[in-house]
file work-v7.cif (mmCIF, C-alpha atoms and all ligand atoms)
data_upload
loop_
_atom_site.group_PDB
_atom_site.id
_atom_site.type_symbol
_atom_site.label_atom_id
_atom_site.label_comp_id
_atom_site.auth_asym_id
_atom_site.auth_seq_id
_atom_site.Cartn_x
_atom_site.Cartn_y
_atom_site.Cartn_z
ATOM 1 C CA MET S 263 -33.951 51.966 54.862
ATOM 2 C CA ASN S 264 -34.145 48.940 52.587
ATOM 3 C CA GLU S 265 -31.154 46.600 52.226
ATOM 4 C CA ASP S 266 -30.614 47.385 48.555
ATOM 5 C CA LEU S 267 -30.243 51.126 49.107
ATOM 6 C CA PHE S 268 -27.986 50.489 52.112
ATOM 7 C CA LYS S 269 -25.692 48.290 49.956
ATOM 8 C CA LYS S 270 -25.619 50.881 47.149
ATOM 9 C CA ILE S 271 -24.771 53.721 49.545
ATOM 10 C CA CYS S 272 -22.006 51.699 51.228
ATOM 11 C CA GLY S 273 -20.707 50.573 47.807
ATOM 12 C CA SER S 274 -20.412 54.209 46.691
ATOM 13 C CA TYR S 275 -17.707 54.654 49.341
ATOM 14 C CA PRO S 276 -14.420 53.471 47.773
ATOM 15 C CA THR S 277 -12.057 51.354 49.846
ATOM 16 C CA GLY S 278 -8.787 49.546 49.403
ATOM 17 C CA VAL S 279 -8.667 45.766 49.226
ATOM 18 C CA THR S 280 -6.921 43.484 51.697
ATOM 19 C CA VAL S 281 -6.411 39.764 52.151
ATOM 20 C CA ILE S 282 -6.463 38.785 55.802
ATOM 21 C CA THR S 283 -4.406 35.690 56.549
ATOM 22 C CA SER S 284 -4.298 33.435 59.592
ATOM 23 C CA VAL S 285 -3.249 29.906 60.501
ATOM 24 C CA GLU S 286 -4.704 27.126 62.589
ATOM 25 C CA ASP S 287 -3.082 23.752 63.178
ATOM 26 C CA LYS S 288 -0.747 24.203 60.134
ATOM 27 C CA THR S 289 -3.645 25.052 57.780
ATOM 28 C CA ASN S 290 -3.361 28.509 56.242
ATOM 29 C CA TYR S 291 -6.465 30.638 55.868
ATOM 30 C CA GLY S 292 -7.061 33.836 53.936
ATOM 31 C CA PHE S 293 -10.003 35.872 52.732
ATOM 32 C CA THR S 294 -10.502 39.104 50.822
ATOM 33 C CA ALA S 295 -11.771 42.004 52.923
ATOM 34 C CA ASN S 296 -12.485 45.660 52.251
ATOM 35 C CA SER S 297 -13.742 46.319 55.805
ATOM 36 C CA PHE S 298 -10.259 46.997 57.160
ATOM 37 C CA THR S 299 -9.800 50.360 58.831
ATOM 38 C CA SER S 300 -7.399 51.974 61.273
ATOM 39 C CA VAL S 301 -8.914 52.726 64.685
ATOM 40 C CA SER S 302 -6.431 54.168 67.187
ATOM 41 C CA ILE S 303 -2.889 55.539 67.356
ATOM 42 C CA ASN S 304 -2.313 55.170 71.102
ATOM 43 C CA PRO S 305 -2.481 52.209 71.332
ATOM 44 C CA LEU S 306 -2.126 51.164 67.660
ATOM 45 C CA LEU S 307 -5.397 49.426 66.768
ATOM 46 C CA VAL S 308 -7.112 48.327 63.546
ATOM 47 C CA LEU S 309 -10.374 46.534 62.796
ATOM 48 C CA PHE S 310 -12.065 44.433 60.136
ATOM 49 C CA CYS S 311 -15.496 42.818 59.918
ATOM 50 C CA LEU S 312 -15.977 39.146 59.023
ATOM 51 C CA ASN S 313 -19.232 37.342 58.231
ATOM 52 C CA LYS S 314 -20.163 35.030 61.097
ATOM 53 C CA ALA S 315 -20.527 32.173 58.579
ATOM 54 C CA ALA S 316 -16.943 32.520 57.251
ATOM 55 C CA ASN S 317 -14.497 29.631 57.688
ATOM 56 C CA SER S 318 -11.701 31.903 58.926
ATOM 57 C CA ASN S 319 -13.491 32.697 62.205
ATOM 58 C CA LYS S 320 -12.341 29.440 63.803
ATOM 59 C CA ALA S 321 -8.680 29.955 62.873
ATOM 60 C CA LEU S 322 -8.741 33.570 64.053
ATOM 61 C CA LYS S 323 -10.351 32.715 67.378
ATOM 62 C CA THR S 324 -7.955 29.817 68.021
ATOM 63 C CA ASN S 325 -4.656 31.359 66.916
ATOM 64 C CA LYS S 326 -5.366 35.021 67.862
ATOM 65 C CA PHE S 327 -2.851 36.404 65.312
ATOM 66 C CA PHE S 328 -3.602 37.663 61.797
ATOM 67 C CA ILE S 329 -2.004 39.603 58.976
ATOM 68 C CA ILE S 330 -3.639 42.341 56.920
ATOM 69 C CA ASN S 331 -2.105 42.271 53.410
ATOM 70 C CA ILE S 332 -2.971 45.483 51.516
ATOM 71 C CA LEU S 333 -3.227 44.522 47.837
ATOM 72 C CA SER S 334 -1.516 46.419 45.036
ATOM 73 C CA SER S 335 -3.005 47.280 41.640
ATOM 74 C CA ASP S 336 -1.507 44.174 39.979
ATOM 75 C CA GLN S 337 -3.111 41.756 42.500
ATOM 76 C CA SER S 338 -6.742 41.588 41.259
ATOM 77 C CA LYS S 339 -6.340 37.834 40.647
ATOM 78 C CA ILE S 340 -5.358 37.371 44.300
ATOM 79 C CA CYS S 341 -8.384 39.447 45.357
ATOM 80 C CA ASN S 342 -10.729 37.089 43.434
ATOM 81 C CA GLN S 343 -8.939 33.917 44.532
ATOM 82 C CA PHE S 344 -9.273 34.746 48.235
ATOM 83 C CA ALA S 345 -12.937 35.729 47.848
ATOM 84 C CA ASN S 346 -13.810 32.358 46.247
ATOM 85 C CA ASN S 347 -15.468 30.273 48.938
ATOM 86 C CA LYS S 348 -15.539 27.258 46.595
ATOM 87 C CA LEU S 349 -11.749 26.963 47.056
ATOM 88 C CA SER S 350 -10.402 25.100 50.095
ATOM 89 C CA PRO S 351 -8.228 27.159 52.474
ATOM 90 C CA GLU S 352 -4.950 25.781 51.036
ATOM 91 C CA LYS S 353 -6.098 26.052 47.368
ATOM 92 C CA ARG S 354 -6.532 29.794 47.825
ATOM 93 C CA PHE S 355 -2.740 30.082 48.178
ATOM 94 C CA ASP S 356 -2.056 28.236 44.860
ATOM 95 C CA GLY S 357 0.352 30.280 42.726
ATOM 96 C CA VAL S 358 0.579 33.011 45.370
ATOM 97 C CA GLU S 359 4.095 33.908 46.482
ATOM 98 C CA THR S 360 4.336 34.219 50.273
ATOM 99 C CA LYS S 361 6.757 34.274 53.170
ATOM 100 C CA ASN S 362 6.100 33.466 56.823
ATOM 101 C CA SER S 363 5.764 36.015 59.622
ATOM 102 C CA LYS S 364 7.256 35.548 63.098
ATOM 103 C CA ASN S 365 3.997 33.901 64.119
ATOM 104 C CA ASN S 366 4.019 31.631 61.042
ATOM 105 C CA ILE S 367 1.288 33.461 59.202
ATOM 106 C CA LYS S 368 1.504 33.926 55.419
ATOM 107 C CA ILE S 369 2.587 37.358 54.195
ATOM 108 C CA ILE S 370 1.575 37.854 50.538
ATOM 109 C CA SER S 371 4.559 39.045 48.482
ATOM 110 C CA ASN S 372 4.271 42.167 46.306
ATOM 111 C CA SER S 373 1.441 43.673 48.366
ATOM 112 C CA ILE S 374 1.664 47.385 49.173
ATOM 113 C CA ALA S 375 1.938 46.718 52.881
ATOM 114 C CA TRP S 376 1.268 44.187 55.610
ATOM 115 C CA ILE S 377 0.460 44.529 59.288
ATOM 116 C CA GLU S 378 0.702 41.716 61.822
ATOM 117 C CA CYS S 379 -1.843 41.950 64.647
ATOM 118 C CA LYS S 380 -3.003 40.174 67.773
ATOM 119 C CA ILE S 381 -6.735 40.018 68.442
ATOM 120 C CA LYS S 382 -7.646 42.380 71.285
ATOM 121 C CA ASN S 383 -11.401 41.994 71.132
ATOM 122 C CA ILE S 384 -14.157 40.385 69.054
ATOM 123 C CA ILE S 385 -17.331 42.454 69.027
ATOM 124 C CA ASP S 386 -20.758 41.367 67.880
ATOM 125 C CA GLY S 387 -21.717 43.217 64.699
ATOM 126 C CA GLY S 388 -25.048 41.756 63.591
ATOM 127 C CA ASP S 389 -24.334 39.093 60.960
ATOM 128 C CA HIS S 390 -20.589 39.924 61.175
ATOM 129 C CA PHE S 391 -17.979 39.842 63.919
ATOM 130 C CA ILE S 392 -15.867 42.977 64.360
ATOM 131 C CA TYR S 393 -12.251 42.001 65.034
ATOM 132 C CA LEU S 394 -10.222 44.608 66.877
ATOM 133 C CA GLY S 395 -6.487 43.969 66.465
ATOM 134 C CA GLU S 396 -3.449 45.285 68.304
ATOM 135 C CA VAL S 397 -0.707 46.138 65.772
ATOM 136 C CA LEU S 398 2.587 44.272 66.352
ATOM 137 C CA SER S 399 4.677 44.854 63.223
ATOM 138 C CA GLY S 400 4.465 45.645 59.523
ATOM 139 C CA SER S 401 6.132 46.800 56.340
ATOM 140 C CA LEU S 402 5.345 49.192 53.458
ATOM 141 C CA SER S 403 6.365 49.492 49.763
ATOM 142 C CA GLU S 404 5.664 53.148 49.160
ATOM 143 C CA LYS S 405 5.999 53.068 45.369
ATOM 144 C CA LYS S 406 3.140 50.617 44.726
ATOM 145 C CA GLN S 407 -0.409 51.682 43.782
ATOM 146 C CA PRO S 408 -3.470 50.192 45.549
ATOM 147 C CA LEU S 409 -6.381 48.095 44.298
ATOM 148 C CA VAL S 410 -9.673 49.910 44.870
ATOM 149 C CA TYR S 411 -13.167 48.479 45.508
ATOM 150 C CA HIS S 412 -16.012 50.752 44.421
ATOM 151 C CA ASN S 413 -19.653 50.056 43.437
ATOM 152 C CA GLY S 414 -19.023 46.300 43.518
ATOM 153 C CA MET S 415 -16.045 46.493 41.158
ATOM 154 C CA ILE S 416 -12.289 46.191 41.509
ATOM 155 C CA LYS S 417 -10.569 49.269 40.086
ATOM 156 C CA LYS S 418 -7.230 51.038 39.932
ATOM 157 C CA LEU S 419 -6.530 54.643 40.898
ATOM 158 C CA PHE S 420 -6.198 56.616 37.665
ATOM 159 C CA LYS S 421 -5.642 60.206 38.708
ATOM 160 C CA SER S 422 -4.267 62.193 41.596
ATOM 161 C CA PHE S 423 -4.840 65.895 42.217
HETATM 162 C C1 LIG S 501 -13.587 43.138 47.350
HETATM 163 C C2 LIG S 501 -14.171 42.180 48.373
HETATM 164 C C3 LIG S 501 -14.238 42.577 49.703
HETATM 165 C C4 LIG S 501 -14.752 41.710 50.675
HETATM 166 N N1 LIG S 501 -14.789 42.126 51.979
HETATM 167 C C5 LIG S 501 -15.282 41.315 52.941
HETATM 168 C C6 LIG S 501 -15.300 41.735 54.302
HETATM 169 O O1 LIG S 501 -14.824 42.816 54.655
HETATM 170 N N2 LIG S 501 -15.840 40.884 55.228
HETATM 171 C C7 LIG S 501 -16.359 39.660 54.871
HETATM 172 O O2 LIG S 501 -16.855 38.938 55.752
HETATM 173 N N3 LIG S 501 -16.322 39.216 53.590
HETATM 174 C C8 LIG S 501 -15.793 40.004 52.620
HETATM 175 N N4 LIG S 501 -15.729 39.573 51.325
HETATM 176 C C9 LIG S 501 -16.165 38.201 51.009
HETATM 177 C C10 LIG S 501 -15.130 37.136 51.462
HETATM 178 O O3 LIG S 501 -13.855 37.381 50.871
HETATM 179 C C11 LIG S 501 -15.584 35.700 51.060
HETATM 180 O O4 LIG S 501 -16.879 35.480 51.564
HETATM 181 C C12 LIG S 501 -14.626 34.621 51.532
HETATM 182 O O5 LIG S 501 -14.961 33.443 50.845
HETATM 183 C C13 LIG S 501 -14.688 34.322 53.023
HETATM 184 O O6 LIG S 501 -13.752 33.307 53.276
HETATM 185 P P1 LIG S 501 -13.893 32.177 54.385
HETATM 186 O O7 LIG S 501 -15.343 31.783 54.479
HETATM 187 O O8 LIG S 501 -13.037 31.071 53.898
HETATM 188 O O9 LIG S 501 -13.363 32.742 55.660
HETATM 189 C C14 LIG S 501 -15.228 40.424 50.311
HETATM 190 C C15 LIG S 501 -15.142 40.024 48.963
HETATM 191 C C16 LIG S 501 -14.616 40.884 48.023
HETATM 192 C C17 LIG S 501 -14.536 40.440 46.565
#
call {"tool": "encode", "arguments": {"input": "work-v7.cif", "output": "structure tokens", "more": "lines below"}}
Ligand SMILES: Cc1cc2nc3c(=O)[nH]c(=O)nc-3n(C[C@H](O)[C@H](O)[C@H](O)COP(=O)(O)O)c2cc1C
result
Amino acid sequence: MNEDLFKKICGSYPTGVTVITSVEDKTNYGFTANSFTSVSINPLLVLFCLNKAANSNKALKTNKFFIINILSSDQSKICNQFANNKLSPEKRFDGVETKNSKNNIKIISNSIAWIECKIKNIIDGGDHFIYLGEVLSGSLSEKKQPLVYHNGMIKKLFKSF
């Protein structure tokens, strides 16, 4: 299959949008990711995929802890800010309200939910690394609506059946 068709097929599958945060040597890192998925209930495991060229790999591999922040429908600006690789790690947090987790990682306020994880395994995934994380803690705001990524665009849910 050619790359273009592969991208279009994968893009036709809607996902939520997360920002994955980490810290290394007092510098905070964060990037937008739609590759988050749950993996296992017993034990509780999740995964995400990160481009091997991404800056966050070093922080993740050094610190071993990360937070998955699941973005809500009013956080499209945050989605774009954390996907902008022209911004330095700290600049990505400009104007973003946060609090610190037990492991000193930034939790983005007003997200739908967050999950704090410890890296269990890093698996080779072609031009990406697959990070498998053991779930430690988390929190959920059930009333919020999610941001949705579909066909290369950020959307909101508009109808439920
Ligand atoms: C909606 C959306 C989803 C994204 N999902 C991923 C992803 O799952 N994995 C990835 O490596 N990059 C993903 N990106 C791109 C990264 O957010 C972007 O390359 C970021 O600059 C990487 O940050 P870093 O190099 O500072 O670690 C996504 C971008 C957007 C807009």
call {"tool": "residues_around", "arguments": {"input": "work-v7.cif", "residues": "Ile392 (chain S)", "least_positions_apart": "4", "cutoff": "7 Å", "atoms": "all atoms listed in the file", "output": "NGL selection string"}}
result
:S and (309-312 or 384-387)
call {"tool": "residues_near_ligand", "arguments": {"input": "work-v7.cif", "ligand": "ligand LIG 501 (chain S)", "cutoff": "8 Å", "atoms": "all atoms listed in the file", "output": "mmCIF file with C-alpha atoms, in the frame of the given file"}}
result
data_model
loop_
_atom_site.group_PDB
_atom_site.id
_atom_site.type_symbol
_atom_site.label_atom_id
_atom_site.label_comp_id
_atom_site.auth_asym_id
_atom_site.auth_seq_id
_atom_site.Cartn_x
_atom_site.Cartn_y
_atom_site.Cartn_z
ATOM 1 C CA VAL S 279 -8.667 45.766 49.226
ATOM 2 C CA THR S 280 -6.921 43.484 51.697
ATOM 3 C CA VAL S 281 -6.411 39.764 52.151
ATOM 4 C CA TYR S 291 -6.465 30.638 55.868
ATOM 5 C CA GLY S 292 -7.061 33.836 53.936
ATOM 6 C CA PHE S 293 -10.003 35.872 52.732
ATOM 7 C CA THR S 294 -10.502 39.104 50.822
ATOM 8 C CA ALA S 295 -11.771 42.004 52.923
ATOM 9 C CA ASN S 296 -12.485 45.660 52.251
ATOM 10 C CA SER S 297 -13.742 46.319 55.805
ATOM 11 C CA PHE S 298 -10.259 46.997 57.160
ATOM 12 C CA PHE S 310 -12.065 44.433 60.136
ATOM 13 C CA CYS S 311 -15.496 42.818 59.918
ATOM 14 C CA LEU S 312 -15.977 39.146 59.023
ATOM 15 C CA ASN S 313 -19.232 37.342 58.231
ATOM 16 C CA LYS S 314 -20.163 35.030 61.097
ATOM 17 C CA ALA S 315 -20.527 32.173 58.579
ATOM 18 C CA ALA S 316 -16.943 32.520 57.251
ATOM 19 C CA ASN S 317 -14.497 29.631 57.688
ATOM 20 C CA SER S 318 -11.701 31.903 58.926
ATOM 21 C CA ASN S 319 -13.491 32.697 62.205
ATOM 22 C CA CYS S 341 -8.384 39.447 45.357
ATOM 23 C CA ASN S 342 -10.729 37.089 43.434
ATOM 24 C CA PHE S 344 -9.273 34.746 48.235
ATOM 25 C CA ALA S 345 -12.937 35.729 47.848
ATOM 26 C CA ASN S 346 -13.810 32.358 46.247
ATOM 27 C CA ASN S 347 -15.468 30.273 48.938
ATOM 28 C CA LYS S 348 -15.539 27.258 46.595
ATOM 29 C CA SER S 350 -10.402 25.100 50.095
ATOM 30 C CA PRO S 351 -8.228 27.159 52.474
ATOM 31 C CA HIS S 390 -20.589 39.924 61.175
ATOM 32 C CA TYR S 411 -13.167 48.479 45.508
ATOM 33 C CA GLY S 414 -19.023 46.300 43.518
ATOM 34 C CA MET S 415 -16.045 46.493 41.158
ATOM 35 C CA ILE S 416 -12.289 46.191 41.509
#
call {"tool": "residues_near_point", "arguments": {"input": "work-v7.cif", "point": "(6.4, 47.5, 54.4)", "cutoff": "7 Å", "atoms": "all atoms listed in the file", "output": "PyMOL selection string"}}
result
chain S and resi 375-376+400-403
call {"tool": "closest_residue", "arguments": {"input": "work-v7.cif", "among": "S:Glu378, S:Glu396, S:Asp287, S:Asp356", "to": "Thr324 (chain S)", "atoms": "all atoms listed in the file"}}
result
S:Asp287
call {"tool": "resolve_selection", "arguments": {"input": "work-v7.cif", "expression": "the PyMOL selection byres (((chain S and resi 398) around 6) and not hetatm)", "output": "list in words"}}
result
Glu378, Cys379, Val397 and Ser399 of chain S
call {"tool": "residues_around", "arguments": {"input": "work-v7.cif", "residues": "Asn372 (chain S)", "least_positions_apart": "5", "cutoff": "10 Å", "atoms": "all atoms listed in the file", "output": "list in words"}}
result
Asn331, Ile332, Leu333, Ser334, Asp336, Gln337, Val358, Glu359, Thr360, Ser403 and Lys406 of chain S
call {"tool": "resolve_selection", "arguments": {"input": "work-v7.cif", "expression": "the PyMOL selection byres (((chain S and resi 266-273) around 7) and not hetatm)", "output": "ChimeraX atom specification"}}
result
/S:263-265,274-276,412-414
call {"tool": "residues_near_point", "arguments": {"input": "work-v7.cif", "point": "(-3.0, 27.0, 58.9)", "cutoff": "9 Å", "atoms": "only C-alpha atoms", "output": "short mmCIF file (atom, residue, chain, number, x, y, z; two decimals) with C-alpha atoms, in the coordinates of the input"}}
result
data_model
loop_
_atom_site.label_atom_id
_atom_site.label_comp_id
_atom_site.auth_asym_id
_atom_site.auth_seq_id
_atom_site.Cartn_x
_atom_site.Cartn_y
_atom_site.Cartn_z
CA SER S 284 -4.30 33.44 59.59
CA VAL S 285 -3.25 29.91 60.50
CA GLU S 286 -4.70 27.13 62.59
CA ASP S 287 -3.08 23.75 63.18
CA LYS S 288 -0.75 24.20 60.13
CA THR S 289 -3.64 25.05 57.78
CA ASN S 290 -3.36 28.51 56.24
CA TYR S 291 -6.46 30.64 55.87
CA ALA S 321 -8.68 29.96 62.87
CA PRO S 351 -8.23 27.16 52.47
CA GLU S 352 -4.95 25.78 51.04
CA ASN S 366 4.02 31.63 61.04
CA ILE S 367 1.29 33.46 59.20
CA LYS S 368 1.50 33.93 55.42
#
call {"tool": "build_atoms", "arguments": {"input": "work-v7.cif", "residues": "region 327-350 of chain S", "atoms": "N, CA and C atoms", "output": "short mmCIF file (atom, residue, chain, number, x, y, z; two decimals), keeping the file's coordinate frame"}}
result
data_model
loop_
_atom_site.label_atom_id
_atom_site.label_comp_id
_atom_site.auth_asym_id
_atom_site.auth_seq_id
_atom_site.Cartn_x
_atom_site.Cartn_y
_atom_site.Cartn_z
N PHE S 327 -3.68 35.50 66.11
CA PHE S 327 -2.85 36.40 65.31
C PHE S 327 -3.39 36.46 63.88
N PHE S 328 -3.22 37.59 63.22
CA PHE S 328 -3.60 37.66 61.80
C PHE S 328 -2.74 38.70 61.10
N ILE S 329 -2.73 38.61 59.78
CA ILE S 329 -2.00 39.60 58.98
C ILE S 329 -2.96 40.25 57.99
N ILE S 330 -2.90 41.58 57.93
CA ILE S 330 -3.64 42.34 56.92
C ILE S 330 -2.65 42.59 55.79
N ASN S 331 -2.93 42.03 54.60
CA ASN S 331 -2.10 42.27 53.41
C ASN S 331 -2.86 43.28 52.54
N ILE S 332 -2.30 44.46 52.34
CA ILE S 332 -2.97 45.48 51.52
C ILE S 332 -2.56 45.27 50.06
N LEU S 333 -3.55 44.95 49.21
CA LEU S 333 -3.23 44.52 47.84
C LEU S 333 -2.85 45.70 46.95
N SER S 334 -1.94 45.42 46.01
CA SER S 334 -1.52 46.42 45.04
C SER S 334 -2.30 46.24 43.74
N SER S 335 -2.17 47.23 42.85
CA SER S 335 -3.00 47.28 41.64
C SER S 335 -2.81 46.08 40.71
N ASP S 336 -1.70 45.34 40.85
CA ASP S 336 -1.51 44.17 39.98
C ASP S 336 -1.92 42.86 40.68
N GLN S 337 -2.73 42.97 41.74
CA GLN S 337 -3.11 41.76 42.50
C GLN S 337 -4.62 41.47 42.46
N SER S 338 -5.29 41.84 41.34
CA SER S 338 -6.74 41.59 41.26
C SER S 338 -7.05 40.09 41.25
N LYS S 339 -6.13 39.29 40.67
CA LYS S 339 -6.34 37.83 40.65
C LYS S 339 -6.35 37.28 42.08
N ILE S 340 -5.44 37.80 42.89
CA ILE S 340 -5.36 37.37 44.30
C ILE S 340 -6.63 37.79 45.05
N CYS S 341 -7.13 38.98 44.74
CA CYS S 341 -8.38 39.45 45.36
C CYS S 341 -9.50 38.44 45.07
N ASN S 342 -9.64 38.02 43.81
CA ASN S 342 -10.73 37.09 43.43
C ASN S 342 -10.50 35.70 44.02
N GLN S 343 -9.26 35.26 44.03
CA GLN S 343 -8.94 33.92 44.53
C GLN S 343 -9.30 33.78 46.02
N PHE S 344 -9.02 34.82 46.79
CA PHE S 344 -9.27 34.75 48.24
C PHE S 344 -10.71 35.11 48.61
N ALA S 345 -11.51 35.48 47.59
CA ALA S 345 -12.94 35.73 47.85
C ALA S 345 -13.77 34.53 47.41
N ASN S 346 -13.11 33.51 46.83
CA ASN S 346 -13.81 32.36 46.25
C ASN S 346 -14.03 31.29 47.31
N ASN S 347 -15.25 31.24 47.85
CA ASN S 347 -15.47 30.27 48.94
C ASN S 347 -15.67 28.84 48.44
N LYS S 348 -15.53 28.64 47.11
CA LYS S 348 -15.54 27.26 46.60
C LYS S 348 -14.14 26.64 46.71
N LEU S 349 -13.12 27.48 46.92
CA LEU S 349 -11.75 26.96 47.06
C LEU S 349 -11.46 26.62 48.51
N SER S 350 -10.78 25.49 48.73
CA SER S 350 -10.40 25.10 50.10
C SER S 350 -9.39 26.12 50.62
#
